[in-house]
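Asks: This is final-v1.cif, which holds mmCIF, C-alpha atoms:
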data_final
#
loop_
_atom_site.label_atom_id
_atom_site.label_comp_id
_atom_site.auth_asym_id
_atom_site.auth_seq_id
_atom_site.Cartn_x
_atom_site.Cartn_y
_atom_site.Cartn_z
CA VAL O 30 123.08 72.87 125.33
CA THR O 31 126.18 74.91 124.49
CA VAL O 32 126.18 78.68 124.15
CA ASP O 33 128.53 81.58 123.51
CA PHE O 34 128.40 83.99 126.43
CA PHE O 35 129.51 87.61 126.69
CA ALA O 36 129.52 90.05 129.58
CA LYS O 37 130.18 93.76 130.06
CA ILE O 38 131.66 95.23 133.21
CA ILE O 39 131.39 99.00 133.59
CA LEU O 40 134.16 100.78 135.48
CA PRO O 41 133.20 104.25 136.75
CA ASN O 42 135.49 107.24 136.28
CA ARG O 43 135.93 109.00 139.62
CA SER O 44 137.02 112.30 138.06
CA ASN O 45 134.34 112.31 135.34
CA VAL O 46 131.11 110.55 136.31
CA GLU O 47 129.78 110.80 132.76
CA LYS O 48 132.77 108.97 131.29
CA LYS O 49 132.90 105.24 132.03
CA THR O 50 135.07 102.39 130.75
CA ASP O 51 133.49 99.23 129.38
CA LEU O 52 135.27 95.89 129.68
CA PHE O 53 133.92 93.17 127.37
CA PHE O 54 134.53 89.52 128.27
CA GLY O 55 133.45 86.36 126.46
CA ALA O 56 133.72 82.61 126.07
CA GLN O 57 132.51 80.06 123.51
CA ASN O 58 130.80 76.66 123.71
CA LEU O 59 129.78 76.85 127.35
CA LYS O 60 127.58 74.09 128.73
CA LEU O 61 124.22 75.31 129.96
CA SER O 62 121.47 73.57 131.90
CA LYS O 63 118.09 74.75 133.15
CA ASN O 64 119.81 75.79 136.39
CA GLY O 65 122.50 77.88 134.70
CA PHE O 66 126.04 77.16 133.65
CA ILE O 67 127.48 73.74 134.41
CA GLY O 68 130.44 74.42 136.67
CA ASP O 69 132.43 77.63 136.96
CA VAL O 70 133.12 79.62 133.80
CA ARG O 71 136.08 81.77 132.77
CA LEU O 72 135.40 84.72 130.48
CA ALA O 73 138.38 86.34 128.75
CA LEU O 74 138.81 90.04 127.98
CA LEU O 75 138.24 90.50 124.24
CA GLY O 76 140.61 93.43 123.62
CA ASN O 77 143.09 95.87 125.14
CA VAL O 78 141.56 98.58 127.32
CA SER O 79 142.97 101.74 128.92
CA VAL O 80 141.34 102.91 132.17
CA PRO O 81 142.09 106.43 133.53
CA ILE O 82 143.07 106.25 137.20
CA LEU O 83 143.93 109.93 137.72
CA SER O 84 142.24 113.01 136.28
CA ASP O 85 143.49 114.77 133.13
CA ASN O 86 145.09 111.51 131.94
CA LYS O 87 147.91 111.81 134.49
CA ALA O 88 147.98 108.02 134.80
CA GLU O 89 146.16 105.08 133.31
CA LEU O 90 145.77 101.37 133.82
CA ARG O 91 146.39 99.46 130.58
CA ILE O 92 144.65 96.08 130.62
CA ARG O 93 145.71 93.47 128.06
CA GLY O 94 143.29 91.16 126.29
CA GLY O 95 142.40 90.04 122.78
CA ILE O 96 141.69 87.13 120.46
CA ASP O 97 143.99 84.97 118.35
CA ALA O 98 143.88 84.34 114.58
CA ASP O 99 141.24 81.63 115.06
CA GLY O 100 138.95 83.94 116.99
CA LYS O 101 139.72 82.32 120.36
CA ALA O 102 140.07 84.68 123.32
CA LEU O 103 143.55 84.95 124.80
CA ASP O 104 143.73 84.05 128.48
CA LEU O 105 145.45 87.29 129.54
CA SER O 106 142.76 89.04 131.56
CA TYR O 107 139.64 87.24 132.73
CA VAL O 108 136.71 86.98 135.12
CA ASP O 109 135.52 83.73 136.67
CA ILE O 110 131.76 83.45 137.19
CA ASP O 111 129.63 80.86 138.94
CA CYS O 112 126.63 78.97 137.60
CA GLY O 113 124.43 82.01 138.23
CA ALA O 114 126.76 84.36 136.30
CA ALA O 115 127.98 86.14 139.46
CA ILE O 116 131.65 87.20 139.48
CA LYS O 117 133.76 85.05 141.81
CA HIS O 118 137.24 86.20 140.90
CA PHE O 119 139.15 88.26 138.35
CA GLY O 120 142.68 88.41 137.02
CA LEU O 121 144.04 91.28 134.94
CA ALA O 122 147.33 91.49 133.03
CA THR O 123 147.99 95.20 133.29
CA SER O 124 150.55 97.97 133.49
CA ILE O 125 150.35 101.39 135.12
CA VAL O 126 151.54 104.19 132.85
CA PHE O 127 152.14 107.80 133.89
CA SER O 128 151.82 110.63 131.39
CA ASP O 129 155.22 112.13 130.56
CA GLY O 130 153.49 115.50 130.83
CA PHE O 131 153.00 114.79 134.55
CA ILE O 132 155.90 112.67 135.88
CA PHE O 133 158.70 111.18 133.80
CA PRO O 134 161.91 109.13 134.18
CA VAL O 135 165.18 111.03 134.73
CA ASP O 136 168.84 110.00 134.72
CA SER O 137 171.32 110.14 137.61
CA VAL O 138 171.73 113.92 137.26
CA ASN O 139 167.98 114.52 136.96
CA ASN O 140 167.82 115.12 133.21
CA LYS O 141 164.61 113.98 131.56
CA ILE O 142 165.08 110.79 129.55
CA PRO O 143 163.68 111.50 126.06
CA ASN O 144 160.93 109.34 124.56
CA ALA O 145 160.39 107.44 127.82
CA LYS O 146 157.51 107.01 130.23
CA ILE O 147 157.22 105.57 133.70
CA GLU O 148 155.48 102.26 133.22
CA PHE O 149 155.51 99.12 135.31
CA PRO O 150 153.62 95.86 134.75
CA ILE O 151 151.40 94.37 137.44
CA GLU O 152 149.11 91.40 137.71
CA LEU O 153 145.87 92.21 139.50
CA LYS O 154 143.81 89.49 141.12
CA GLY O 155 140.80 89.86 143.38
CA GLU O 156 137.08 89.63 143.86
CA ASP O 157 135.99 93.26 143.60
CA PHE O 158 137.06 95.79 140.95
CA ASN O 159 136.47 98.61 143.47
CA ASN O 160 138.66 97.11 146.17
CA ILE O 161 142.23 97.03 144.82
CA LEU O 162 145.13 97.88 147.14
CA LEU O 163 148.70 97.08 146.07
CA ARG O 164 152.18 97.71 147.45
CA PHE O 165 155.22 98.19 145.19
CA GLU O 166 158.92 98.38 145.91
CA GLY O 167 158.94 101.85 144.41
CA LEU O 168 159.24 103.90 141.24
CA PRO O 169 162.30 104.43 139.06
CA ARG O 170 163.99 107.81 139.51
CA PHE O 171 161.56 110.41 138.18
CA GLY O 172 160.93 114.11 137.67
CA ILE O 173 157.77 116.19 137.92
CA LYS O 174 156.52 118.68 135.35
CA GLY O 175 157.33 122.24 136.44
CA LEU O 176 160.22 121.16 138.70
CA ASN O 177 163.02 120.95 136.14
CA GLY O 178 166.25 119.49 137.49
CA PHE O 179 164.69 117.87 140.55
CA GLY O 180 164.94 114.11 140.99
CA PHE O 181 162.61 111.95 143.07
CA VAL O 182 163.30 108.48 144.48
CA CYS O 183 160.54 106.43 146.06
CA LYS O 184 161.35 103.06 147.64
CA ASP O 185 157.88 102.05 148.79
CA LEU O 186 154.66 102.89 146.97
CA ILE O 187 151.00 102.07 147.58
CA PHE O 188 148.47 101.97 144.73
CA ASP O 189 145.03 102.58 146.27
CA PHE O 190 142.06 101.83 144.02
CA SER O 191 139.75 100.86 146.86
CA ASP O 192 136.60 102.44 148.29
CA THR O 193 136.63 100.37 151.47
CA GLN O 194 140.19 100.44 152.83
CA THR O 195 143.54 102.24 152.81
CA ALA O 196 147.07 101.11 153.59
CA GLU O 197 147.90 100.83 157.31
CA SER O 198 150.59 103.51 156.95
CA PHE O 199 148.37 105.92 155.00
CA VAL O 200 148.27 109.47 156.40
CA LEU O 201 146.90 112.60 154.75
CA PRO O 202 149.43 115.48 154.67
CA GLU O 203 148.61 118.32 157.03
CA GLY O 204 146.15 120.72 155.43
CA TYR O 205 145.13 118.31 152.68
CA GLU O 206 141.70 117.78 154.24
CA VAL O 207 140.74 121.20 152.86
CA TYR O 208 140.85 119.69 149.37
CA GLN O 209 139.51 116.26 150.35
CA PRO O 210 136.25 115.81 148.41
CA TYR O 211 135.46 112.30 149.64
CA SER O 212 133.11 111.34 152.44
CA THR O 213 135.71 109.23 154.28
CA ILE O 214 139.46 108.69 154.07
CA ASN O 215 138.76 105.21 152.65
CA ASN O 216 137.29 106.83 149.51
CA TRP O 217 140.64 108.41 148.59
CA ARG O 218 142.30 106.94 145.48
CA GLY O 219 145.77 107.42 144.09
CA PHE O 220 149.41 106.63 144.91
CA PHE O 221 150.85 107.01 148.41
CA ALA O 222 154.49 106.98 149.51
CA LYS O 223 155.38 107.04 153.20
CA GLU O 224 158.84 108.48 152.48
CA ILE O 225 160.54 109.87 149.40
CA SER O 226 163.91 111.49 148.67
CA VAL O 227 164.14 114.56 146.44
CA SER O 228 167.47 115.86 145.11
CA LEU O 229 167.88 119.47 143.97
CA PRO O 230 169.19 120.51 140.53
CA PRO O 231 173.00 120.39 140.03
CA GLN O 232 173.36 124.17 140.28
CA PHE O 233 172.57 123.92 144.01
CA LYS O 234 175.59 121.71 144.65
CA ASP O 235 178.25 123.11 146.95
CA GLU O 236 181.78 122.71 145.58
CA THR O 237 182.79 120.98 148.79
CA LYS O 238 180.09 118.34 148.47
CA THR O 239 179.72 115.49 146.03
CA TYR O 240 175.98 115.79 145.52
CA PRO O 241 173.42 118.61 145.62
CA PRO O 242 171.29 119.02 148.75
CA SER O 243 168.35 116.67 149.04
CA PHE O 244 164.86 116.89 150.45
CA ASN O 245 163.00 114.32 152.45
CA ALA O 246 159.25 114.08 151.93
CA GLN O 247 156.80 112.22 154.12
CA ASN O 248 153.29 111.04 153.29
CA MET O 249 153.46 112.02 149.65
CA LEU O 250 150.34 111.67 147.53
CA ILE O 251 150.05 111.46 143.76
CA ASP O 252 146.38 111.90 142.91
CA ASP O 253 143.89 114.03 141.00
CA TYR O 254 145.32 117.18 142.64
CA GLY O 255 148.90 116.45 141.57
CA VAL O 256 151.73 115.83 144.05
CA THR O 257 151.27 116.65 147.74
CA GLY O 258 153.54 116.01 150.71
CA LEU O 259 155.46 117.33 153.72
CA PHE O 260 158.99 118.39 152.71
CA SER O 261 162.18 119.03 154.70
CA VAL O 262 165.77 119.83 153.66
CA ARG O 263 169.18 118.45 154.66
CA ASP O 264 172.76 119.40 153.72
CA PHE O 265 171.73 122.90 152.75
CA ASP O 266 174.11 125.47 154.26
#
As structure tokens, what does this structure read like?
Replies:
Amino acid sequence: VTVDFFAKIILPNRSNVEKKTDLFFGAQNLKLSKNGFIGDVRLALLGNVSVPILSDNKAELRIRGGIDADGKALDLSYVDIDCGAAIKHFGLATSIVFSDGFIFPVDSVNNKIPNAKIEFPIELKGEDFNNILLRFEGLPRFGIKGLNGFGFVCKDLIFDFSDTQTAESFVLPEGYEVYQPYSTINNWRGFFAKEISVSLPPQFKDETKTYPPSFNAQNMLIDDYGVTGLFSVRDFD
């Protein structure tokens, strides 16, 4: 017997429990026996989906899927299931996109680049949608809303979308526990940078120096509360 099979995976929204994201997967002409599917099965995502990963649409995960002109699902994002329809593995063709009303790309003198957003593609693979932990080389030079003229450079960035673990280097900034709503540190979700450099606006530059003073930040978080970190200053006389 052959069947067409479809599945829905519901992703919860941590910042709004009433708003969830549905992912629809499907495959055609699957072989079925009385014991279930014959062999492992790959279901493809049937359309593009955007998943909020920070509150107030600060950042989202854009997952690519779809079908071709003949109605066949494109093998962009998928889940593999066993004969009993249990998920064994998933692969997602995605990109993380930050709202330009939150953080945005800037040029070498910290001017906002018009009509541009911070977006970087990633390929997610794993066995549990609630246990994703990724390390990136960093973000392009960016600015933060409300801090006009400041430029931020991050060389190492952790994307934590896991309820069971955090990066080995993860540390909450001093005082942040006051705002920590989660039961354990493992429940925290967001972006974590161990170190980050922050340059001041050009008007702070001393005539005897080539560049404006710069800050160092340690243990910087980008999450539902915005940007948090421990800051220090150098070359500021």
Asks: Evaluate the PyMOL selection byres ((chain O and resi 61) around 10) against this structure - the residues, as a list in words, please.
Replies: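 Evaluating the PyMOL selection byres ((chain O and resi 61) around 10) on this file yields Val30, Thr31, Val32, Asp33, Asn58, Leu59, Lys60, Ser62, Lys63, Asn64, Gly65, Phe66, Ile67, Gly68 and Cys112 of chain O.
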Asks: With only C-alpha atoms as the atoms that count, which of O:Asn139, O:Gln232, O:Gln57, O:Asn216 lies nearest to Phe179 in chain O?
Replies: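 Closest residue, counting only C-alpha atoms: O:Asn139.
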Asks: Find the residues with any atom within 9 Å of (147.2, 106.2, 149.2); use all atoms listed in the file and the coordinates as given in the file, and write the answer as a compact mmCIF listing (two decimals) with C-alpha atoms, in the frame of the given file.
Replies:
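Wrote it out as point-v9.txt, contents follow:
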# COMPACT_ATOMS: atom_id res chain seq x y z
CA LEU O 162 145.13 97.88 147.14
CA LEU O 186 154.66 102.89 146.97
CA ILE O 187 151.00 102.07 147.58
CA PHE O 188 148.47 101.97 144.73
CA ASP O 189 145.03 102.58 146.27
CA PHE O 190 142.06 101.83 144.02
CA THR O 195 143.54 102.24 152.81
CA ALA O 196 147.07 101.11 153.59
CA SER O 198 150.59 103.51 156.95
CA PHE O 199 148.37 105.92 155.00
CA VAL O 200 148.27 109.47 156.40
CA LEU O 201 146.90 112.60 154.75
CA TRP O 217 140.64 108.41 148.59
CA ARG O 218 142.30 106.94 145.48
CA GLY O 219 145.77 107.42 144.09
CA PHE O 220 149.41 106.63 144.91
CA PHE O 221 150.85 107.01 148.41
CA ALA O 222 154.49 106.98 149.51
CA ASN O 248 153.29 111.04 153.29
CA MET O 249 153.46 112.02 149.65
CA LEU O 250 150.34 111.67 147.53
CA ILE O 251 150.05 111.46 143.76
CA ASP O 252 146.38 111.90 142.91
Asks: Can you pull out the residues contacting range 116-123 of chain O? Cut-off 6 Å, using all atoms listed in the file, and skip same-chain residues under 3 positions away; I want them as a PyMOL selection string.
Replies: chain O and resi 91-93+105-110+150-156
Asks: Quick check, in Å to one decimal: how far apart do CA of Ala73 in chain O and CA of Ala114 in chain O lie?
Replies: 14.0 Å
Asks: Once the PyMOL selection byres ((chain O and resi 169) around 8) is applied to the coordinates I shared, what remains selected? I want it as a list of chain:residue names.
Replies: O:Pro134, O:Ile147, O:Gly167, O:Leu168, O:Arg170, O:Phe171, O:Val182, O:Cys183
Asks: For the selection just defined, write its residues with C-alpha atoms to a file, as a PDB file, in the coordinates of the input.
Replies:
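The result, written out as out-v1.pdb:
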ATOM      1  CA  PRO O 134     161.910 109.130 134.180  1.00  0.00           C
ATOM      2  CA  ILE O 147     157.220 105.570 133.700  1.00  0.00           C
ATOM      3  CA  GLY O 167     158.940 101.850 144.410  1.00  0.00           C
ATOM      4  CA  LEU O 168     159.240 103.900 141.240  1.00  0.00           C
ATOM      5  CA  ARG O 170     163.990 107.810 139.510  1.00  0.00           C
ATOM      6  CA  PHE O 171     161.560 110.410 138.180  1.00  0.00           C
ATOM      7  CA  VAL O 182     163.300 108.480 144.480  1.00  0.00           C
ATOM      8  CA  CYS O 183     160.540 106.430 146.060  1.00  0.00           C
TER       9      CYS O 183
END
Asks: For a quick check of understanding, using all atoms listed in the file, which of O:Phe244, O:Glu197, O:Asp99, O:Asp136 has the smallest distance to Leu229 in chain O?
Replies: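 Going through O:Phe244, O:Glu197, O:Asp99, O:Asp136 one by one, the smallest distance to Leu229 in chain O is for O:Phe244.
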Asks: Rank nothing, just name the residue among O:Ala102, O:Glu203, O:Gly255, O:Asn160 nearest to Ile132 in chain O, using all atoms listed in the file.
Replies: O:Gly255
Asks: Since I can't run it myself right now, could you work out what the PyMOL selection byres ((chain O and resi 76) around 7) selects here and report it as a PyMOL selection string?
Replies: chain O and resi 74-75+77-78+93-95
Asks: Tell me which of O:Leu90, O:Val256, O:Ala115, O:Val138 sits closest to Pro231 in chain O, counting all atoms listed in the file.
Replies: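 The answer is O:Val138, which sits nearest to Pro231 in chain O.
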Asks: Return the single residue from O:Asp69, O:Ser124, O:Ala145, O:Tyr205 that is closest to Tyr254 in chain O, with distances computed using only C-alpha atoms.
Replies: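 Distance minimum relative to Tyr254 in chain O lands on O:Tyr205.
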Asks: Could you tell me how far CA of Asn245 in chain O sits from CA of Thr257 in chain O, in Å to one decimal place?
Replies: 12.9 Å
Asks: Of the candidates O:Pro81, O:Gly130, O:Gly172, O:Gly55, which one gets nearest to Lys101 in chain O if we count all atoms listed in the file?
Replies: O:Gly55
Asks: Tell me, in Å to one decimal, how far CA of Ala36 in chain O is from CA of Asn215 in chain O.
Replies: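 Distance reported for this atom pair: 29.1 Å.
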Asks: Starting from the point (143.5, 108.7, 137.9), work out which residues of protein, DNA or RNA have an atom no more than 9 Å away when counting all atoms listed in the file; state them as a PyMOL selection string.
Replies: chain O and resi 42-44+80-90+218-219+252-253
Asks: Quick one: range 147-172 of chain O with N, CA and C atoms, as a compact mmCIF listing (two decimals), in the frame of the given file?
Replies:
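The resulting file, out-v5.txt, is shown below:
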# COMPACT_ATOMS: atom_id res chain seq x y z
N ILE O 147 157.18 106.46 132.55
CA ILE O 147 157.22 105.57 133.70
C ILE O 147 156.09 104.57 133.55
N GLU O 148 156.46 103.33 133.40
CA GLU O 148 155.48 102.26 133.22
C GLU O 148 155.99 101.01 133.93
N PHE O 149 155.11 100.36 134.69
CA PHE O 149 155.51 99.12 135.31
C PHE O 149 154.36 98.13 135.27
N PRO O 150 154.67 96.88 134.87
CA PRO O 150 153.62 95.86 134.75
C PRO O 150 153.20 95.33 136.11
N ILE O 151 151.93 94.99 136.23
CA ILE O 151 151.40 94.37 137.44
C ILE O 151 150.36 93.34 137.05
N GLU O 152 150.16 92.38 137.91
CA GLU O 152 149.11 91.40 137.71
C GLU O 152 148.10 91.54 138.85
N LEU O 153 146.90 91.98 138.50
CA LEU O 153 145.87 92.21 139.50
C LEU O 153 144.99 90.99 139.62
N LYS O 154 144.74 90.57 140.86
CA LYS O 154 143.81 89.49 141.12
C LYS O 154 142.95 89.87 142.32
N GLY O 155 141.68 89.53 142.27
CA GLY O 155 140.80 89.86 143.38
C GLY O 155 139.38 89.44 143.12
N GLU O 156 138.49 89.96 143.95
CA GLU O 156 137.08 89.63 143.86
C GLU O 156 136.20 90.84 143.61
N ASP O 157 136.77 92.04 143.72
CA ASP O 157 135.99 93.26 143.60
C ASP O 157 136.82 94.31 142.86
N PHE O 158 136.32 94.80 141.74
CA PHE O 158 137.06 95.79 140.95
C PHE O 158 137.21 97.11 141.69
N ASN O 159 136.39 97.36 142.71
CA ASN O 159 136.47 98.61 143.47
C ASN O 159 137.18 98.43 144.80
N ASN O 160 137.94 97.35 144.92
CA ASN O 160 138.66 97.11 146.17
C ASN O 160 140.06 96.57 145.86
N ILE O 161 140.88 97.41 145.21
CA ILE O 161 142.23 97.03 144.82
C ILE O 161 143.23 97.87 145.61
N LEU O 162 144.11 97.20 146.33
CA LEU O 162 145.13 97.88 147.14
C LEU O 162 146.43 97.11 146.97
N LEU O 163 147.45 97.76 146.37
CA LEU O 163 148.70 97.08 146.07
C LEU O 163 149.89 97.85 146.62
N ARG O 164 150.93 97.11 146.99
CA ARG O 164 152.18 97.71 147.45
C ARG O 164 153.29 97.38 146.46
N PHE O 165 154.11 98.38 146.10
CA PHE O 165 155.22 98.19 145.19
C PHE O 165 156.52 98.57 145.89
N GLU O 166 157.62 98.05 145.35
CA GLU O 166 158.92 98.38 145.91
C GLU O 166 159.29 99.83 145.66
N GLY O 167 158.69 100.44 144.67
CA GLY O 167 158.94 101.85 144.41
C GLY O 167 158.88 102.19 142.94
N LEU O 168 159.21 103.42 142.62
CA LEU O 168 159.24 103.90 141.24
C LEU O 168 160.69 104.12 140.82
N PRO O 169 160.97 104.01 139.53
CA PRO O 169 162.30 104.43 139.06
C PRO O 169 162.47 105.93 139.29
N ARG O 170 163.70 106.39 139.29
CA ARG O 170 163.99 107.81 139.51
C ARG O 170 163.18 108.65 138.53
N PHE O 171 162.46 109.65 139.05
CA PHE O 171 161.56 110.41 138.18
C PHE O 171 161.60 111.89 138.49
N GLY O 172 161.09 112.67 137.52
CA GLY O 172 160.93 114.11 137.67
C GLY O 172 159.46 114.46 137.57
